[in-house]
Amino acid sequence: MSGAAEPGLDWTGRELAVEVGPVAHGGHCVARHEGRVVFVRHALPGEQVLARVTEDRGGSFCRADAVSVLVASPDRVEPPCPHARPGGCGGCDWQHATPQAQRELKAAVVAEQLARLGDRPDLPVTVEPVPGGPLGWRTRVRFAVDAGGTVGLHRHRSHDIEPVEHCPLATESVGQLGVTLQRWPGAQAVEVIASSGGDLALVVTPRAGADVAVPPLAAATEPAVLSQPGRGGRATRVRGHRAVRERALGRIFRVGAAGFWQVHPAAAETLAAAVVRALRPQAGDSVLDLYAGAGLFAGALAPLVPGGRIVAVESDRGAAGDAVYNLRDLAVPVSVEIGQVGHVLDSVQGGFDLVVLDPPRAGAGARVVGQIAARRPRAVAYVACDPASFARDIATFAGHGLRLVGVRAFDLFPMTHHVECVGLLEPERPA
Ligand SMILES: C[S@@+](CC[C@H](N)C(=O)[O-])C[C@H]1O[C@@H](n2cnc3c(N)ncnc32)[C@H](O)[C@@H]1O
């Protein structure tokens, strides 16, 4: 039998008894049935389950949910949230696994991506826990709102919304605001931000042509409110401050409420420490901080390169303004360049000793990798939120003579399939 389904064959709705194989990137495991691959959610490697097919577009694979567990893994636990079930909320992938097993699954995914796409089958990967438990860590939660104004979270690979009154991944401060207990007619999404500096903010995305009246909320201090036309669109201030304060590195960072900051309360410190440890900065070093956001890594590296210089590159005008503000009092000169990394690197002159890059999920891409290598850095720290694009970029770096010599991975998104990596690349030594 060939690996592909017969044309026109659609298994959607069928229940298949399968033996569950290894984990795959995306929060599911791989099973096989009648010559096809079945990506099964809510299952664990080694289990036997009844898997109901949820999506089948033909071809060599389909998607399914484990609706009944026939033989359970010793790593299986009862999910703490009632919405973490087949057909429920799509936010969590691994609530049915112990925290230790979740980290092992993520380590296997990172190792597999590095082997398959990064041509590095030899690198050991472990996923390190961070302070705090698997619940109560999300400082930023983007709730979806249905046409009737009810708040919830998206179902897996769907625009449908699972009504949710309480997300146990959210911090207490996010939950206490009571956003989910109110109706939000006219809204498409409401993001809640509870910053480590003690600020509360809401970023409301209205439906096309609608006005959103913010309902009364259960907060001792009124949250700031911003209105944002679509994800990534320009946010306008409705009331309160445009930015929140985040604490890290013994400093306060100003961060636009609609801008980027690491979601887990331990993330900023953990990643900054990993970047510093990897790069081993020295006095006089020149440093490139690419995809700099509000300046976290430039802020961590600047005190360690006295007499050196830092160039930070960020495309979002608001975030770049925050970086200028946040890095204004450093002894080392920091210049913040506003623009796409690829464009800016065309015009920034000279070599650099150290580079840190922290691109969005799609990765840096071949052009930027080539531009970085052309600066002949002594070391590159790659902060990656997607192991697949990370692995692809690692292979491109290798083609330019920069080899991945180590990787650390951190469980900064417990219960989900997401994992954050920090890779260290160094110039290949001549044999
Ligand atoms: C993952 S965040 C990292 C931010 C920062 N390093 C931190 O840890 O807080 C990625 C940042 O890159 C910016 N960005 C996305 N694409 C970009 C590009 N092509 N050029 C420059 N910046 C970009 C985003 O606006 C965002 O601030």
# chains A, B, ... in the order shown; residues from 1 in each chain; ligands from 1
call {"tool": "closest_atom_pairs", "arguments": {"of": "chain A", "to": "ligand 1", "cutoff": "7 Å", "atoms": "only C-alpha atoms and all ligand atoms", "output": "Markdown table"}}
result
| residue | atom | partner | partner_atom_place_in_ligand_line | distance |
| --- | --- | --- | --- | --- |
| A:Gly259 | CA | ligand 1 | 27 (O) | 6.8 |
| A:Phe260 | CA | ligand 1 | 27 (O) | 5.3 |
| A:Trp261 | CA | ligand 1 | 9 (O) | 4.7 |
| A:Gln262 | CA | ligand 1 | 9 (O) | 5.9 |
| A:Ala268 | CA | ligand 1 | 8 (O) | 6.7 |
| A:Leu290 | CA | ligand 1 | 21 (C) | 6.7 |
| A:Tyr291 | CA | ligand 1 | 12 (O) | 3.7 |
| A:Ala292 | CA | ligand 1 | 6 (N) | 4.2 |
| A:Gly293 | CA | ligand 1 | 27 (O) | 3.6 |
| A:Ala294 | CA | ligand 1 | 9 (O) | 5.8 |
| A:Gly295 | CA | ligand 1 | 5 (C) | 6.3 |
| A:Leu296 | CA | ligand 1 | 9 (O) | 5.3 |
| A:Phe297 | CA | ligand 1 | 6 (N) | 6.3 |
| A:Val313 | CA | ligand 1 | 21 (C) | 5.8 |
| A:Glu314 | CA | ligand 1 | 22 (N) | 3.9 |
| A:Ser315 | CA | ligand 1 | 22 (N) | 3.9 |
| A:Asp316 | CA | ligand 1 | 25 (O) | 4.7 |
| A:Ala319 | CA | ligand 1 | 27 (O) | 6.3 |
| A:Gly339 | CA | ligand 1 | 21 (C) | 5.7 |
| A:Gln340 | CA | ligand 1 | 20 (N) | 3.3 |
| A:Val341 | CA | ligand 1 | 20 (N) | 4.0 |
| A:Gly342 | CA | ligand 1 | 19 (N) | 6.7 |
| A:Asp358 | CA | ligand 1 | 3 (C) | 5.1 |
| A:Pro359 | CA | ligand 1 | 10 (C) | 4.9 |
| A:Pro360 | CA | ligand 1 | 1 (C) | 4.7 |
call {"tool": "residues_around", "arguments": {"residues": "A:Pro427", "least_positions_apart": "6", "cutoff": "10 Å", "atoms": "only C-alpha atoms", "output": "list in words"}}
result
Ala373, Arg376, Pro377, Arg378, Ala379, Val380, Phe397, Ala398, His400, Gly401, Leu402, Arg403, Leu404 and Val405 of chain A
call {"tool": "write_last_selection", "arguments": {"atoms": "C-alpha atoms", "output": "CSV table (one decimal), in the first residue's frame"}}
result
chain,number,residue,atom,x,y,z
A,373,ALA,CA,28.0,35.9,9.6
A,376,ARG,CA,32.6,37.9,11.7
A,377,PRO,CA,31.4,37.7,15.3
A,378,ARG,CA,33.3,35.8,18.0
A,379,ALA,CA,30.0,34.4,19.3
A,380,VAL,CA,26.3,34.5,18.4
A,397,PHE,CA,24.7,29.5,9.9
A,398,ALA,CA,26.7,26.3,9.4
A,400,HIS,CA,28.6,30.4,6.7
A,401,GLY,CA,31.1,28.8,9.1
A,402,LEU,CA,29.2,29.4,12.3
A,403,ARG,CA,28.6,26.2,14.2
A,404,LEU,CA,26.1,25.5,17.0
A,405,VAL,CA,28.2,24.5,19.9
call {"tool": "select_by_dssp", "arguments": {"residues": "stretch 244-423 of chain A", "states": "alpha helix (DSSP H)", "output": "PyMOL selection string"}}
result
chain A and resi 267-279+296-301+317-326+341-347+365-374+387-399
call {"tool": "closest_atom_pairs", "arguments": {"of": "stretch 147-193 of chain A", "to": "stretch 76-94 of chain A", "cutoff": "9 Å", "atoms": "only C-alpha atoms", "output": "CSV"}}
result
residue,atom,partner,partner_atom,distance
A:Gly152,CA,A:Cys89,CA,8.4
A:Leu153,CA,A:Cys89,CA,6.0
A:His154,CA,A:Gly90,CA,5.8
A:Arg155,CA,A:Gly90,CA,4.3
A:His156,CA,A:Gly90,CA,3.9
A:Arg157,CA,A:Gly90,CA,7.3
A:Ser158,CA,A:Gly90,CA,8.4
A:Ile161,CA,A:Cys89,CA,7.8
A:Glu162,CA,A:Cys89,CA,5.7
A:Pro163,CA,A:Cys89,CA,8.5
A:Val164,CA,A:His83,CA,7.6
A:Cys167,CA,A:Cys81,CA,7.8
A:Pro168,CA,A:Cys81,CA,6.8
call {"tool": "residues_around", "arguments": {"residues": "stretch 276-282 of chain A", "least_positions_apart": "2", "cutoff": "6 Å", "atoms": "only C-alpha atoms", "output": "JSON, numbers by chain"}}
result
{"A": [273, 274, 285, 305, 379]}
call {"tool": "write_last_selection", "arguments": {"atoms": "all heavy atoms", "output": "tab-separated table (two decimals), in the first residue's frame"}}
result
chain	number	residue	atom	x	y	z
A	273	ALA	N	20.20	35.92	31.49
A	273	ALA	CA	21.34	35.24	32.12
A	273	ALA	C	21.94	34.21	31.15
A	273	ALA	O	23.17	34.06	31.07
A	273	ALA	CB	20.90	34.56	33.42
A	274	ALA	N	21.09	33.51	30.42
A	274	ALA	CA	21.59	32.48	29.48
A	274	ALA	C	22.38	33.13	28.34
A	274	ALA	O	23.40	32.60	27.89
A	274	ALA	CB	20.42	31.68	28.93
A	285	ASP	N	33.95	45.13	23.88
A	285	ASP	CA	33.23	44.40	22.83
A	285	ASP	C	32.19	45.29	22.14
A	285	ASP	O	31.51	46.11	22.79
A	285	ASP	CB	32.49	43.19	23.41
A	285	ASP	CG	33.40	41.97	23.56
A	285	ASP	OD1	34.48	41.94	22.93
A	285	ASP	OD2	33.02	41.04	24.31
A	305	VAL	N	30.35	45.30	28.92
A	305	VAL	CA	31.28	45.64	27.83
A	305	VAL	C	31.74	47.10	27.95
A	305	VAL	O	31.62	47.88	27.00
A	305	VAL	CB	30.64	45.36	26.44
A	305	VAL	CG1	30.41	43.88	26.25
A	305	VAL	CG2	29.32	46.12	26.23
A	379	ALA	N	31.05	35.27	18.81
A	379	ALA	CA	30.00	34.39	19.32
A	379	ALA	C	28.64	34.99	18.97
A	379	ALA	O	28.47	36.21	18.92
A	379	ALA	CB	30.12	34.23	20.82
call {"tool": "closest_residue", "arguments": {"among": "A:Pro306, A:Gly299, A:Gly370, A:Pro124", "to": "A:Val336", "atoms": "only C-alpha atoms"}}
result
A:Gly299
call {"tool": "atom_distance", "arguments": {"atom1": "atom CA of A:Val40", "atom2": "atom CA of A:Ala111"}}
result
20.1 Å
call {"tool": "closest_residue", "arguments": {"among": "A:Val71, A:Gln371, A:Ala201, A:Trp11", "to": "A:Gln349", "atoms": "only C-alpha atoms"}}
result
A:Gln371
call {"tool": "closest_residue", "arguments": {"among": "A:Phe352, A:Phe410, A:Phe253, A:Trp137", "to": "A:Ala194", "atoms": "only C-alpha atoms"}}
result
A:Trp137
call {"tool": "closest_residue", "arguments": {"among": "A:His166, A:Arg429, A:His264, A:Lys106", "to": "A:Val130", "atoms": "only C-alpha atoms"}}
result
A:His264
call {"tool": "residues_around", "arguments": {"residues": "A:Ala189", "least_positions_apart": "5", "cutoff": "8 Å", "atoms": "only C-alpha atoms", "output": "list in words"}}
result
Arg142, Phe143, Ala144, Val145, Val204, Thr205 and Pro206 of chain A
call {"tool": "write_last_selection", "arguments": {"atoms": "N, CA and C atoms", "output": "compact mmCIF listing (two decimals), in the first residue's frame"}}
result
# COMPACT_ATOMS: atom_id res chain seq x y z
N ARG A 142 -4.43 36.70 25.90
CA ARG A 142 -5.31 37.29 24.88
C ARG A 142 -6.56 36.45 24.78
N PHE A 143 -7.66 36.95 25.35
CA PHE A 143 -8.92 36.23 25.28
C PHE A 143 -9.62 36.57 23.97
N ALA A 144 -10.31 35.59 23.42
CA ALA A 144 -11.13 35.82 22.23
C ALA A 144 -12.56 36.12 22.70
N VAL A 145 -13.30 36.87 21.87
CA VAL A 145 -14.68 37.23 22.23
C VAL A 145 -15.58 36.83 21.08
N VAL A 204 -7.83 46.11 23.74
CA VAL A 204 -9.11 45.65 23.20
C VAL A 204 -9.06 45.75 21.68
N THR A 205 -9.44 44.67 21.01
CA THR A 205 -9.55 44.69 19.54
C THR A 205 -11.03 44.71 19.18
N PRO A 206 -11.53 45.84 18.65
CA PRO A 206 -12.96 45.90 18.31
C PRO A 206 -13.26 45.14 17.02
call {"tool": "residues_around", "arguments": {"residues": "A:Gly118", "least_positions_apart": "3", "cutoff": "6 Å", "atoms": "only C-alpha atoms", "output": "list of chain:residue names"}}
result
A:Leu114, A:Ala115, A:Ala391, A:Arg392, A:Ile394, A:Ala395
call {"tool": "write_last_selection", "arguments": {"atoms": "N, CA and C atoms", "output": "mmCIF file, in the first residue's frame"}}
result
data_model
loop_
_atom_site.group_PDB
_atom_site.id
_atom_site.type_symbol
_atom_site.label_atom_id
_atom_site.label_comp_id
_atom_site.auth_asym_id
_atom_site.auth_seq_id
_atom_site.Cartn_x
_atom_site.Cartn_y
_atom_site.Cartn_z
ATOM 1 N N LEU A 114 16.560 19.720 15.517
ATOM 2 C CA LEU A 114 17.977 20.017 15.252
ATOM 3 C C LEU A 114 18.616 18.923 14.403
ATOM 4 N N ALA A 115 18.194 17.682 14.642
ATOM 5 C CA ALA A 115 18.755 16.574 13.862
ATOM 6 C C ALA A 115 18.261 16.629 12.422
ATOM 7 N N ALA A 391 16.189 25.537 13.944
ATOM 8 C CA ALA A 391 17.013 24.487 13.341
ATOM 9 C C ALA A 391 17.365 24.827 11.888
ATOM 10 N N ARG A 392 16.398 25.390 11.156
ATOM 11 C CA ARG A 392 16.674 25.770 9.753
ATOM 12 C C ARG A 392 17.760 26.848 9.709
ATOM 13 N N ILE A 394 20.012 27.402 11.959
ATOM 14 C CA ILE A 394 21.278 26.801 12.405
ATOM 15 C C ILE A 394 22.001 26.164 11.212
ATOM 16 N N ALA A 395 21.244 25.493 10.349
ATOM 17 C CA ALA A 395 21.847 24.871 9.168
ATOM 18 C C ALA A 395 22.422 25.951 8.249
#
call {"tool": "select_by_dssp", "arguments": {"residues": "stretch 154-385 of chain A", "states": "strand (DSSP E)", "output": "JSON, numbers by chain"}}
result
{"A": [154, 161, 162, 163, 187, 188, 189, 190, 191, 192, 193, 194, 200, 201, 202, 203, 204, 205, 206, 224, 225, 226, 227, 236, 237, 238, 239, 243, 244, 245, 246, 247, 248, 251, 252, 253, 254, 255, 256, 286, 287, 288, 289, 290, 309, 310, 311, 312, 313, 314, 334, 335, 336, 337, 338, 354, 355, 356, 357, 379, 380, 381, 382, 383, 384]}
call {"tool": "atom_distance", "arguments": {"atom1": "atom CA of A:Gly27", "atom2": "atom CA of A:Gly233"}}
result
28.5 Å
